[in-house]
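Structure file final14.pdb (PDB, N, CA and C atoms) is printed below.
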```
ATOM      1  N   MET A  29      29.094   3.506  -5.389
ATOM      2  CA  MET A  29      27.658   3.645  -5.482
ATOM      3  C   MET A  29      27.173   4.537  -4.339
ATOM      4  N   ARG A  30      26.320   5.473  -4.676
ATOM      5  CA  ARG A  30      25.801   6.393  -3.668
ATOM      6  C   ARG A  30      24.687   5.735  -2.871
ATOM      7  N   PRO A  31      24.566   6.118  -1.610
ATOM      8  CA  PRO A  31      23.489   5.540  -0.799
ATOM      9  C   PRO A  31      22.117   6.007  -1.300
ATOM     10  N   VAL A  32      21.157   5.140  -1.156
ATOM     11  CA  VAL A  32      19.800   5.467  -1.574
ATOM     12  C   VAL A  32      19.211   6.472  -0.574
ATOM     13  N   PRO A  33      18.449   7.464  -1.051
ATOM     14  CA  PRO A  33      17.827   8.413  -0.121
ATOM     15  C   PRO A  33      16.913   7.699   0.878
ATOM     16  N   VAL A  34      16.817   8.251   2.051
ATOM     17  CA  VAL A  34      16.044   7.638   3.128
ATOM     18  C   VAL A  34      14.604   7.379   2.706
ATOM     19  N   VAL A  35      13.980   8.331   2.028
ATOM     20  CA  VAL A  35      12.574   8.146   1.635
ATOM     21  C   VAL A  35      12.431   7.003   0.640
ATOM     22  N   VAL A  36      13.416   6.829  -0.222
ATOM     23  CA  VAL A  36      13.382   5.716  -1.181
ATOM     24  C   VAL A  36      13.581   4.398  -0.447
ATOM     25  N   GLY A  37      14.527   4.366   0.467
ATOM     26  CA  GLY A  37      14.746   3.158   1.268
ATOM     27  C   GLY A  37      13.512   2.765   2.053
ATOM     28  N   SER A  38      12.819   3.754   2.607
ATOM     29  CA  SER A  38      11.590   3.480   3.355
ATOM     30  C   SER A  38      10.505   2.922   2.445
ATOM     31  N   ALA A  39      10.395   3.474   1.250
ATOM     32  CA  ALA A  39       9.396   2.974   0.292
ATOM     33  C   ALA A  39       9.713   1.536  -0.107
ATOM     34  N   LEU A  40      10.991   1.242  -0.313
ATOM     35  CA  LEU A  40      11.389  -0.133  -0.652
ATOM     36  C   LEU A  40      11.072  -1.091   0.490
ATOM     37  N   GLU A  41      11.308  -0.662   1.705
ATOM     38  CA  GLU A  41      10.984  -1.506   2.862
ATOM     39  C   GLU A  41       9.487  -1.774   2.945
ATOM     40  N   ARG A  42       8.674  -0.755   2.709
ATOM     41  CA  ARG A  42       7.218  -0.945   2.751
ATOM     42  C   ARG A  42       6.756  -1.892   1.645
ATOM     43  N   LEU A  43       7.331  -1.743   0.448
ATOM     44  CA  LEU A  43       6.993  -2.662  -0.640
ATOM     45  C   LEU A  43       7.392  -4.086  -0.291
ATOM     46  N   GLY A  44       8.561  -4.237   0.318
ATOM     47  CA  GLY A  44       9.023  -5.560   0.728
ATOM     48  C   GLY A  44       8.068  -6.207   1.723
ATOM     49  N   ILE A  45       7.598  -5.423   2.667
ATOM     50  CA  ILE A  45       6.631  -5.934   3.653
ATOM     51  C   ILE A  45       5.356  -6.376   2.952
ATOM     52  N   ARG A  46       4.924  -5.607   1.960
ATOM     53  CA  ARG A  46       3.693  -5.954   1.231
ATOM     54  C   ARG A  46       3.861  -7.209   0.394
ATOM     55  N   VAL A  47       5.048  -7.370  -0.214
ATOM     56  CA  VAL A  47       5.315  -8.595  -0.979
ATOM     57  C   VAL A  47       5.312  -9.793  -0.037
ATOM     58  N   THR A  48       5.936  -9.646   1.115
ATOM     59  CA  THR A  48       5.953 -10.733   2.103
ATOM     60  C   THR A  48       4.537 -11.098   2.511
ATOM     61  N   MET A  49       3.726 -10.095   2.795
ATOM     62  CA  MET A  49       2.351 -10.348   3.216
ATOM     63  C   MET A  49       1.560 -11.057   2.113
ATOM     64  N   ALA A  50       1.699 -10.585   0.875
ATOM     65  CA  ALA A  50       0.985 -11.202  -0.244
ATOM     66  C   ALA A  50       1.414 -12.656  -0.422
ATOM     67  N   ARG A  51       2.704 -12.908  -0.289
ATOM     68  CA  ARG A  51       3.210 -14.282  -0.429
ATOM     69  C   ARG A  51       2.642 -15.183   0.656
ATOM     70  N   LYS A  52       2.682 -14.701   1.891
ATOM     71  CA  LYS A  52       2.202 -15.516   3.008
ATOM     72  C   LYS A  52       0.698 -15.734   2.944
ATOM     73  N   LEU A  53      -0.050 -14.729   2.498
ATOM     74  CA  LEU A  53      -1.495 -14.893   2.355
ATOM     75  C   LEU A  53      -1.843 -15.983   1.336
ATOM     76  N   ARG A  54      -0.941 -16.212   0.416
ATOM     77  CA  ARG A  54      -1.154 -17.254  -0.598
ATOM     78  C   ARG A  54      -0.552 -18.589  -0.184
ATOM     79  N   GLY A  55       0.018 -18.621   1.009
ATOM     80  CA  GLY A  55       0.583 -19.858   1.527
ATOM     81  C   GLY A  55       1.836 -20.314   0.804
ATOM     82  N   LEU A  56       2.596 -19.363   0.276
ATOM     83  CA  LEU A  56       3.793 -19.697  -0.486
ATOM     84  C   LEU A  56       5.057 -19.456   0.341
ATOM     85  N   THR A  57       6.055 -20.277   0.120
ATOM     86  CA  THR A  57       7.386 -20.014   0.670
ATOM     87  C   THR A  57       8.113 -19.105  -0.314
ATOM     88  N   GLN A  58       9.235 -18.560   0.117
ATOM     89  CA  GLN A  58      10.049 -17.763  -0.799
ATOM     90  C   GLN A  58      10.508 -18.607  -1.977
ATOM     91  N   GLU A  59      10.848 -19.850  -1.709
ATOM     92  CA  GLU A  59      11.302 -20.746  -2.774
ATOM     93  C   GLU A  59      10.188 -20.998  -3.789
ATOM     94  N   GLU A  60       8.976 -21.236  -3.298
ATOM     95  CA  GLU A  60       7.847 -21.490  -4.198
ATOM     96  C   GLU A  60       7.528 -20.261  -5.045
ATOM     97  N   LEU A  61       7.547 -19.095  -4.426
ATOM     98  CA  LEU A  61       7.283 -17.874  -5.182
ATOM     99  C   LEU A  61       8.366 -17.646  -6.224
ATOM    100  N   GLY A  62       9.607 -17.873  -5.857
ATOM    101  CA  GLY A  62      10.691 -17.745  -6.821
ATOM    102  C   GLY A  62      10.496 -18.661  -8.014
ATOM    103  N   HIS A  63      10.082 -19.885  -7.747
ATOM    104  CA  HIS A  63       9.838 -20.848  -8.826
ATOM    105  C   HIS A  63       8.697 -20.368  -9.724
ATOM    106  N   LEU A  64       7.591 -19.930  -9.116
ATOM    107  CA  LEU A  64       6.445 -19.451  -9.898
ATOM    108  C   LEU A  64       6.799 -18.233 -10.735
ATOM    109  N   ALA A  65       7.653 -17.367 -10.192
ATOM    110  CA  ALA A  65       8.020 -16.126 -10.871
ATOM    111  C   ALA A  65       9.229 -16.288 -11.785
ATOM    112  N   ASP A  66       9.873 -17.441 -11.725
ATOM    113  CA  ASP A  66      11.084 -17.705 -12.492
ATOM    114  C   ASP A  66      12.204 -16.730 -12.108
ATOM    115  N   VAL A  67      12.341 -16.539 -10.786
ATOM    116  CA  VAL A  67      13.447 -15.760 -10.227
ATOM    117  C   VAL A  67      14.059 -16.586  -9.104
ATOM    118  N   SER A  68      15.231 -16.218  -8.681
ATOM    119  CA  SER A  68      15.880 -16.973  -7.616
ATOM    120  C   SER A  68      15.244 -16.667  -6.259
ATOM    121  N   THR A  69      15.438 -17.592  -5.341
ATOM    122  CA  THR A  69      14.963 -17.385  -3.965
ATOM    123  C   THR A  69      15.640 -16.163  -3.366
ATOM    124  N   SER A  70      16.905 -15.947  -3.707
ATOM    125  CA  SER A  70      17.609 -14.776  -3.166
ATOM    126  C   SER A  70      17.010 -13.475  -3.702
ATOM    127  N   THR A  71      16.471 -13.495  -4.919
ATOM    128  CA  THR A  71      15.794 -12.309  -5.450
ATOM    129  C   THR A  71      14.529 -12.029  -4.652
ATOM    130  N   VAL A  72      13.758 -13.059  -4.373
ATOM    131  CA  VAL A  72      12.546 -12.885  -3.565
ATOM    132  C   VAL A  72      12.940 -12.360  -2.183
ATOM    133  N   ARG A  73      13.951 -12.940  -1.592
ATOM    134  CA  ARG A  73      14.415 -12.500  -0.271
ATOM    135  C   ARG A  73      14.843 -11.033  -0.303
ATOM    136  N   SER A  74      15.583 -10.661  -1.338
ATOM    137  CA  SER A  74      16.025  -9.273  -1.468
ATOM    138  C   SER A  74      14.843  -8.318  -1.604
ATOM    139  N   MET A  75      13.852  -8.711  -2.392
ATOM    140  CA  MET A  75      12.653  -7.876  -2.529
ATOM    141  C   MET A  75      11.983  -7.688  -1.185
ATOM    142  N   GLU A  76      11.806  -8.789  -0.479
ATOM    143  CA  GLU A  76      11.116  -8.736   0.808
ATOM    144  C   GLU A  76      11.912  -7.957   1.845
ATOM    145  N   ASP A  77      13.222  -7.914   1.683
ATOM    146  CA  ASP A  77      14.078  -7.144   2.590
ATOM    147  C   ASP A  77      14.146  -5.669   2.211
ATOM    148  N   GLY A  78      13.554  -5.303   1.070
ATOM    149  CA  GLY A  78      13.582  -3.912   0.634
ATOM    150  C   GLY A  78      14.900  -3.494   0.015
ATOM    151  N   ALA A  79      15.618  -4.459  -0.561
ATOM    152  CA  ALA A  79      16.909  -4.155  -1.183
ATOM    153  C   ALA A  79      16.699  -3.288  -2.426
ATOM    154  N   GLU A  80      17.654  -2.405  -2.670
ATOM    155  CA  GLU A  80      17.525  -1.474  -3.780
ATOM    156  C   GLU A  80      17.950  -2.054  -5.123
ATOM    157  N   GLY A  81      18.638  -3.186  -5.140
ATOM    158  CA  GLY A  81      19.209  -3.687  -6.383
ATOM    159  C   GLY A  81      18.359  -4.677  -7.156
ATOM    160  N   VAL A  82      17.114  -4.884  -6.778
ATOM    161  CA  VAL A  82      16.272  -5.847  -7.496
ATOM    162  C   VAL A  82      15.820  -5.222  -8.818
ATOM    163  N   ALA A  83      16.037  -5.953  -9.899
ATOM    164  CA  ALA A  83      15.652  -5.450 -11.220
ATOM    165  C   ALA A  83      14.140  -5.296 -11.313
ATOM    166  N   MET A  84      13.713  -4.244 -11.996
ATOM    167  CA  MET A  84      12.281  -3.989 -12.142
ATOM    168  C   MET A  84      11.575  -5.161 -12.830
ATOM    169  N   GLY A  85      12.239  -5.765 -13.798
ATOM    170  CA  GLY A  85      11.640  -6.911 -14.483
ATOM    171  C   GLY A  85      11.367  -8.053 -13.523
ATOM    172  N   ASN A  86      12.291  -8.302 -12.612
ATOM    173  CA  ASN A  86      12.084  -9.362 -11.625
ATOM    174  C   ASN A  86      10.964  -8.997 -10.662
ATOM    175  N   PHE A  87      10.891  -7.728 -10.291
ATOM    176  CA  PHE A  87       9.814  -7.278  -9.411
ATOM    177  C   PHE A  87       8.462  -7.524 -10.084
ATOM    178  N   LEU A  88       8.363  -7.197 -11.361
ATOM    179  CA  LEU A  88       7.112  -7.399 -12.088
ATOM    180  C   LEU A  88       6.781  -8.886 -12.253
ATOM    181  N   LYS A  89       7.802  -9.709 -12.438
ATOM    182  CA  LYS A  89       7.565 -11.157 -12.533
ATOM    183  C   LYS A  89       6.993 -11.709 -11.228
ATOM    184  N   VAL A  90       7.491 -11.206 -10.109
ATOM    185  CA  VAL A  90       6.974 -11.645  -8.812
ATOM    186  C   VAL A  90       5.537 -11.172  -8.634
ATOM    187  N   LEU A  91       5.255  -9.931  -9.008
ATOM    188  CA  LEU A  91       3.871  -9.444  -8.918
ATOM    189  C   LEU A  91       2.937 -10.285  -9.776
ATOM    190  N   GLN A  92       3.394 -10.664 -10.963
ATOM    191  CA  GLN A  92       2.570 -11.509 -11.829
ATOM    192  C   GLN A  92       2.309 -12.858 -11.163
ATOM    193  N   ALA A  93       3.343 -13.444 -10.585
ATOM    194  CA  ALA A  93       3.187 -14.740  -9.915
ATOM    195  C   ALA A  93       2.220 -14.647  -8.739
ATOM    196  N   LEU A  94       2.145 -13.482  -8.119
ATOM    197  CA  LEU A  94       1.220 -13.273  -6.996
ATOM    198  C   LEU A  94      -0.176 -12.869  -7.463
ATOM    199  N   GLY A  95      -0.339 -12.659  -8.765
ATOM    200  CA  GLY A  95      -1.632 -12.231  -9.297
ATOM    201  C   GLY A  95      -1.902 -10.748  -9.057
ATOM    202  N   LEU A  96      -0.837  -9.974  -8.901
ATOM    203  CA  LEU A  96      -0.982  -8.558  -8.555
ATOM    204  C   LEU A  96      -0.419  -7.613  -9.619
ATOM    205  N   LEU A  97      -0.078  -8.125 -10.768
ATOM    206  CA  LEU A  97       0.550  -7.297 -11.794
ATOM    207  C   LEU A  97      -0.349  -6.142 -12.234
ATOM    208  N   SER A  98      -1.649  -6.351 -12.227
ATOM    209  CA  SER A  98      -2.562  -5.288 -12.674
ATOM    210  C   SER A  98      -2.465  -4.042 -11.802
ATOM    211  N   GLN A  99      -1.988  -4.190 -10.566
ATOM    212  CA  GLN A  99      -1.861  -3.025  -9.689
ATOM    213  C   GLN A  99      -0.795  -2.056 -10.175
ATOM    214  N   VAL A 100       0.121  -2.535 -10.998
ATOM    215  CA  VAL A 100       1.179  -1.670 -11.523
ATOM    216  C   VAL A 100       0.579  -0.597 -12.437
ATOM    217  N   GLU A 101      -0.541  -0.918 -13.071
ATOM    218  CA  GLU A 101      -1.181   0.035 -13.964
ATOM    219  C   GLU A 101      -1.572   1.319 -13.247
ATOM    220  N   LYS A 102      -1.727   1.259 -11.944
ATOM    221  CA  LYS A 102      -2.111   2.435 -11.166
ATOM    222  C   LYS A 102      -0.928   3.367 -10.920
ATOM    223  N   LEU A 103       0.273   2.840 -11.057
ATOM    224  CA  LEU A 103       1.472   3.658 -10.843
ATOM    225  C   LEU A 103       1.610   4.686 -11.957
ATOM    226  N   LEU A 104       1.907   5.887 -11.595
ATOM    227  CA  LEU A 104       2.158   6.971 -12.537
ATOM    228  C   LEU A 104       0.985   7.235 -13.474
ATOM    229  N   ASP A 105      -0.218   6.925 -13.036
ATOM    230  CA  ASP A 105      -1.400   7.210 -13.838
ATOM    231  C   ASP A 105      -1.518   8.725 -13.986
ATOM    232  N   PRO A 106      -1.554   9.235 -15.213
ATOM    233  CA  PRO A 106      -1.613  10.681 -15.403
ATOM    234  C   PRO A 106      -2.818  11.329 -14.718
ATOM    235  N   ARG A 107      -3.884  10.567 -14.535
ATOM    236  CA  ARG A 107      -5.064  11.121 -13.871
ATOM    237  C   ARG A 107      -4.795  11.411 -12.399
ATOM    238  N   ASP A 108      -3.770  10.797 -11.840
ATOM    239  CA  ASP A 108      -3.417  11.026 -10.440
ATOM    240  C   ASP A 108      -2.223  11.972 -10.280
ATOM    241  N   ASP A 109      -1.715  12.484 -11.378
ATOM    242  CA  ASP A 109      -0.547  13.369 -11.344
ATOM    243  C   ASP A 109      -1.017  14.818 -11.342
ATOM    244  N   PRO A 110      -0.708  15.576 -10.287
ATOM    245  CA  PRO A 110      -1.153  16.966 -10.236
ATOM    246  C   PRO A 110      -0.619  17.802 -11.407
ATOM    247  N   GLU A 111       0.484  17.379 -11.998
ATOM    248  CA  GLU A 111       1.014  18.121 -13.140
ATOM    249  C   GLU A 111       0.121  18.001 -14.371
ATOM    250  N   THR A 112      -0.650  16.922 -14.472
ATOM    251  CA  THR A 112      -1.577  16.772 -15.586
ATOM    252  C   THR A 112      -2.623  17.877 -15.546
ATOM    253  N   LEU A 113      -3.197  18.095 -14.381
ATOM    254  CA  LEU A 113      -4.192  19.151 -14.217
ATOM    255  C   LEU A 113      -3.560  20.523 -14.458
ATOM    256  N   ALA A 114      -2.374  20.749 -13.918
ATOM    257  CA  ALA A 114      -1.693  22.028 -14.109
ATOM    258  C   ALA A 114      -1.406  22.272 -15.588
ATOM    259  N   TYR A 115      -0.983  21.240 -16.291
ATOM    260  CA  TYR A 115      -0.726  21.355 -17.726
ATOM    261  C   TYR A 115      -2.007  21.716 -18.459
ATOM    262  N   ALA A 116      -3.086  21.013 -18.145
ATOM    263  CA  ALA A 116      -4.371  21.278 -18.805
ATOM    264  C   ALA A 116      -4.820  22.712 -18.548
ATOM    265  N   GLU A 117      -4.665  23.159 -17.323
ATOM    266  CA  GLU A 117      -5.076  24.530 -17.000
ATOM    267  C   GLU A 117      -4.232  25.559 -17.745
ATOM    268  N   ARG A 118      -2.936  25.293 -17.883
ATOM    269  CA  ARG A 118      -2.064  26.234 -18.577
ATOM    270  C   ARG A 118      -2.322  26.256 -20.082
ATOM    271  N   ASN A 119      -2.555  25.085 -20.653
ATOM    272  CA  ASN A 119      -2.581  24.976 -22.111
ATOM    273  C   ASN A 119      -3.975  24.904 -22.725
ATOM    274  N   LEU A 120      -4.978  24.671 -21.925
ATOM    275  CA  LEU A 120      -6.319  24.526 -22.481
ATOM    276  C   LEU A 120      -7.231  25.664 -22.049
ATOM    277  N   ARG A 121      -6.653  26.699 -21.453
ATOM    278  CA  ARG A 121      -7.430  27.866 -21.040
ATOM    279  C   ARG A 121      -7.999  28.580 -22.249
ATOM    280  N   SER A 122      -9.188  29.085 -22.094
ATOM    281  CA  SER A 122      -9.780  29.897 -23.181
ATOM    282  C   SER A 122      -9.033  31.215 -23.301
ATOM    283  N   PRO A 123      -8.757  31.652 -24.530
ATOM    284  CA  PRO A 123      -8.026  32.920 -24.701
ATOM    285  C   PRO A 123      -8.858  34.130 -24.324
TER
END
```
Target format structure tokens, applied to this file:
Amino acid sequence: MRPVPVVVGSALERLGIRVTMARKLRGLTQEELGHLADVSTSTVRSMEDGAEGVAMGNFLKVLQALGLLSQVEKLLDPRDDPETLAYAERNLRSP
């Protein structure tokens, strides 16, 4: 297995810190969050540690348990993608 790029590892670490903060703000232990999300405590721990091997489905289950799943809708929103504007400019220009 190839090592994860540094920028990806950093992003995973930042996400892990945010998951930890969200969990603690709700007064939950890792075990309690795992139970609410129907994932193992080790999965929660791995997420919080910024591990690269956590399945996306498990990540989304944890976000749902934290009441934060709606924030995923903001990811990859075409309105925030500069390529959307570039595409529109290229293809919708008046002849």
Counting all atoms listed in the file, closest pick from A:Leu104, A:Val90, A:Leu113, A:Val32 relative to Asp66 (chain A) is A:Val90
Which value, in Å to one decimal, gives the distance between CA of Gln58 (chain A) and CA of Val72 (chain A)?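 The value is 6.1 Å.
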The PyMOL selection byres ((chain A and resi 39-41) around 7) resolved against shown file, as a PyMOL selection string: chain A and resi 34-38+42-46+75-80
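What the PyMOL selection byres (((chain A and resi 61 and name CA) around 10) and name CA) matches in the given file is A:Arg51, A:Lys52, A:Arg54, A:Gly55, A:Leu56, A:Thr57, A:Gln58, A:Glu59, A:Glu60, A:Gly62, A:His63, A:Leu64, A:Ala65, A:Asp66, A:Val67, A:Ser68, A:Thr69, A:Val72, A:Lys89, A:Val90, A:Leu91, A:Ala93, A:Leu94.
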Which of chain A DSSP labels alpha helix (DSSP H), written as a short mmCIF file (atom, residue, chain, number, x, y, z; two decimals) with N, CA and C atoms, in the frame of the given file:
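result.cif, freshly written:
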```cif
data_model
loop_
_atom_site.label_atom_id
_atom_site.label_comp_id
_atom_site.auth_asym_id
_atom_site.auth_seq_id
_atom_site.Cartn_x
_atom_site.Cartn_y
_atom_site.Cartn_z
N VAL A 34 16.82 8.25 2.05
CA VAL A 34 16.04 7.64 3.13
C VAL A 34 14.60 7.38 2.71
N VAL A 35 13.98 8.33 2.03
CA VAL A 35 12.57 8.15 1.64
C VAL A 35 12.43 7.00 0.64
N VAL A 36 13.42 6.83 -0.22
CA VAL A 36 13.38 5.72 -1.18
C VAL A 36 13.58 4.40 -0.45
N GLY A 37 14.53 4.37 0.47
CA GLY A 37 14.75 3.16 1.27
C GLY A 37 13.51 2.76 2.05
N SER A 38 12.82 3.75 2.61
CA SER A 38 11.59 3.48 3.36
C SER A 38 10.50 2.92 2.44
N ALA A 39 10.40 3.47 1.25
CA ALA A 39 9.40 2.97 0.29
C ALA A 39 9.71 1.54 -0.11
N LEU A 40 10.99 1.24 -0.31
CA LEU A 40 11.39 -0.13 -0.65
C LEU A 40 11.07 -1.09 0.49
N GLU A 41 11.31 -0.66 1.70
CA GLU A 41 10.98 -1.51 2.86
C GLU A 41 9.49 -1.77 2.94
N ARG A 42 8.67 -0.76 2.71
CA ARG A 42 7.22 -0.94 2.75
C ARG A 42 6.76 -1.89 1.64
N LEU A 43 7.33 -1.74 0.45
CA LEU A 43 6.99 -2.66 -0.64
C LEU A 43 7.39 -4.09 -0.29
N GLY A 44 8.56 -4.24 0.32
CA GLY A 44 9.02 -5.56 0.73
C GLY A 44 8.07 -6.21 1.72
N ILE A 45 7.60 -5.42 2.67
CA ILE A 45 6.63 -5.93 3.65
C ILE A 45 5.36 -6.38 2.95
N ARG A 46 4.92 -5.61 1.96
CA ARG A 46 3.69 -5.95 1.23
C ARG A 46 3.86 -7.21 0.39
N VAL A 47 5.05 -7.37 -0.21
CA VAL A 47 5.32 -8.60 -0.98
C VAL A 47 5.31 -9.79 -0.04
N THR A 48 5.94 -9.65 1.12
CA THR A 48 5.95 -10.73 2.10
C THR A 48 4.54 -11.10 2.51
N MET A 49 3.73 -10.10 2.80
CA MET A 49 2.35 -10.35 3.22
C MET A 49 1.56 -11.06 2.11
N ALA A 50 1.70 -10.58 0.88
CA ALA A 50 0.98 -11.20 -0.24
C ALA A 50 1.41 -12.66 -0.42
N ARG A 51 2.70 -12.91 -0.29
CA ARG A 51 3.21 -14.28 -0.43
C ARG A 51 2.64 -15.18 0.66
N LYS A 52 2.68 -14.70 1.89
CA LYS A 52 2.20 -15.52 3.01
C LYS A 52 0.70 -15.73 2.94
N LEU A 53 -0.05 -14.73 2.50
CA LEU A 53 -1.50 -14.89 2.36
C LEU A 53 -1.84 -15.98 1.34
N GLN A 58 9.24 -18.56 0.12
CA GLN A 58 10.05 -17.76 -0.80
C GLN A 58 10.51 -18.61 -1.98
N GLU A 59 10.85 -19.85 -1.71
CA GLU A 59 11.30 -20.75 -2.77
C GLU A 59 10.19 -21.00 -3.79
N GLU A 60 8.98 -21.24 -3.30
CA GLU A 60 7.85 -21.49 -4.20
C GLU A 60 7.53 -20.26 -5.04
N LEU A 61 7.55 -19.10 -4.43
CA LEU A 61 7.28 -17.87 -5.18
C LEU A 61 8.37 -17.65 -6.22
N GLY A 62 9.61 -17.87 -5.86
CA GLY A 62 10.69 -17.74 -6.82
C GLY A 62 10.50 -18.66 -8.01
N HIS A 63 10.08 -19.89 -7.75
CA HIS A 63 9.84 -20.85 -8.83
C HIS A 63 8.70 -20.37 -9.72
N LEU A 64 7.59 -19.93 -9.12
CA LEU A 64 6.44 -19.45 -9.90
C LEU A 64 6.80 -18.23 -10.74
N ALA A 65 7.65 -17.37 -10.19
CA ALA A 65 8.02 -16.13 -10.87
C ALA A 65 9.23 -16.29 -11.78
N THR A 69 15.44 -17.59 -5.34
CA THR A 69 14.96 -17.39 -3.96
C THR A 69 15.64 -16.16 -3.37
N SER A 70 16.90 -15.95 -3.71
CA SER A 70 17.61 -14.78 -3.17
C SER A 70 17.01 -13.48 -3.70
N THR A 71 16.47 -13.50 -4.92
CA THR A 71 15.79 -12.31 -5.45
C THR A 71 14.53 -12.03 -4.65
N VAL A 72 13.76 -13.06 -4.37
CA VAL A 72 12.55 -12.88 -3.56
C VAL A 72 12.94 -12.36 -2.18
N ARG A 73 13.95 -12.94 -1.59
CA ARG A 73 14.42 -12.50 -0.27
C ARG A 73 14.84 -11.03 -0.30
N SER A 74 15.58 -10.66 -1.34
CA SER A 74 16.02 -9.27 -1.47
C SER A 74 14.84 -8.32 -1.60
N MET A 75 13.85 -8.71 -2.39
CA MET A 75 12.65 -7.88 -2.53
C MET A 75 11.98 -7.69 -1.18
N GLU A 76 11.81 -8.79 -0.48
CA GLU A 76 11.12 -8.74 0.81
C GLU A 76 11.91 -7.96 1.84
N ASP A 77 13.22 -7.91 1.68
CA ASP A 77 14.08 -7.14 2.59
C ASP A 77 14.15 -5.67 2.21
N MET A 84 13.71 -4.24 -12.00
CA MET A 84 12.28 -3.99 -12.14
C MET A 84 11.58 -5.16 -12.83
N GLY A 85 12.24 -5.76 -13.80
CA GLY A 85 11.64 -6.91 -14.48
C GLY A 85 11.37 -8.05 -13.52
N ASN A 86 12.29 -8.30 -12.61
CA ASN A 86 12.08 -9.36 -11.62
C ASN A 86 10.96 -9.00 -10.66
N PHE A 87 10.89 -7.73 -10.29
CA PHE A 87 9.81 -7.28 -9.41
C PHE A 87 8.46 -7.52 -10.08
N LEU A 88 8.36 -7.20 -11.36
CA LEU A 88 7.11 -7.40 -12.09
C LEU A 88 6.78 -8.89 -12.25
N LYS A 89 7.80 -9.71 -12.44
CA LYS A 89 7.56 -11.16 -12.53
C LYS A 89 6.99 -11.71 -11.23
N VAL A 90 7.49 -11.21 -10.11
CA VAL A 90 6.97 -11.64 -8.81
C VAL A 90 5.54 -11.17 -8.63
N LEU A 91 5.26 -9.93 -9.01
CA LEU A 91 3.87 -9.44 -8.92
C LEU A 91 2.94 -10.28 -9.78
N GLN A 92 3.39 -10.66 -10.96
CA GLN A 92 2.57 -11.51 -11.83
C GLN A 92 2.31 -12.86 -11.16
N ALA A 93 3.34 -13.44 -10.58
CA ALA A 93 3.19 -14.74 -9.91
C ALA A 93 2.22 -14.65 -8.74
N PRO A 110 -0.71 15.58 -10.29
CA PRO A 110 -1.15 16.97 -10.24
C PRO A 110 -0.62 17.80 -11.41
N GLU A 111 0.48 17.38 -12.00
CA GLU A 111 1.01 18.12 -13.14
C GLU A 111 0.12 18.00 -14.37
N THR A 112 -0.65 16.92 -14.47
CA THR A 112 -1.58 16.77 -15.59
C THR A 112 -2.62 17.88 -15.55
N LEU A 113 -3.20 18.10 -14.38
CA LEU A 113 -4.19 19.15 -14.22
C LEU A 113 -3.56 20.52 -14.46
N ALA A 114 -2.37 20.75 -13.92
CA ALA A 114 -1.69 22.03 -14.11
C ALA A 114 -1.41 22.27 -15.59
N TYR A 115 -0.98 21.24 -16.29
CA TYR A 115 -0.73 21.36 -17.73
C TYR A 115 -2.01 21.72 -18.46
N ALA A 116 -3.09 21.01 -18.14
CA ALA A 116 -4.37 21.28 -18.80
C ALA A 116 -4.82 22.71 -18.55
N GLU A 117 -4.66 23.16 -17.32
CA GLU A 117 -5.08 24.53 -17.00
C GLU A 117 -4.23 25.56 -17.74
N ARG A 118 -2.94 25.29 -17.88
CA ARG A 118 -2.06 26.23 -18.58
C ARG A 118 -2.32 26.26 -20.08
N ASN A 119 -2.56 25.08 -20.65
CA ASN A 119 -2.58 24.98 -22.11
C ASN A 119 -3.98 24.90 -22.72
#
```
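One distance worth recording is that between CA of Asp105 (chain A) and atom N of Val82 (chain A), which is 23.2 Å.
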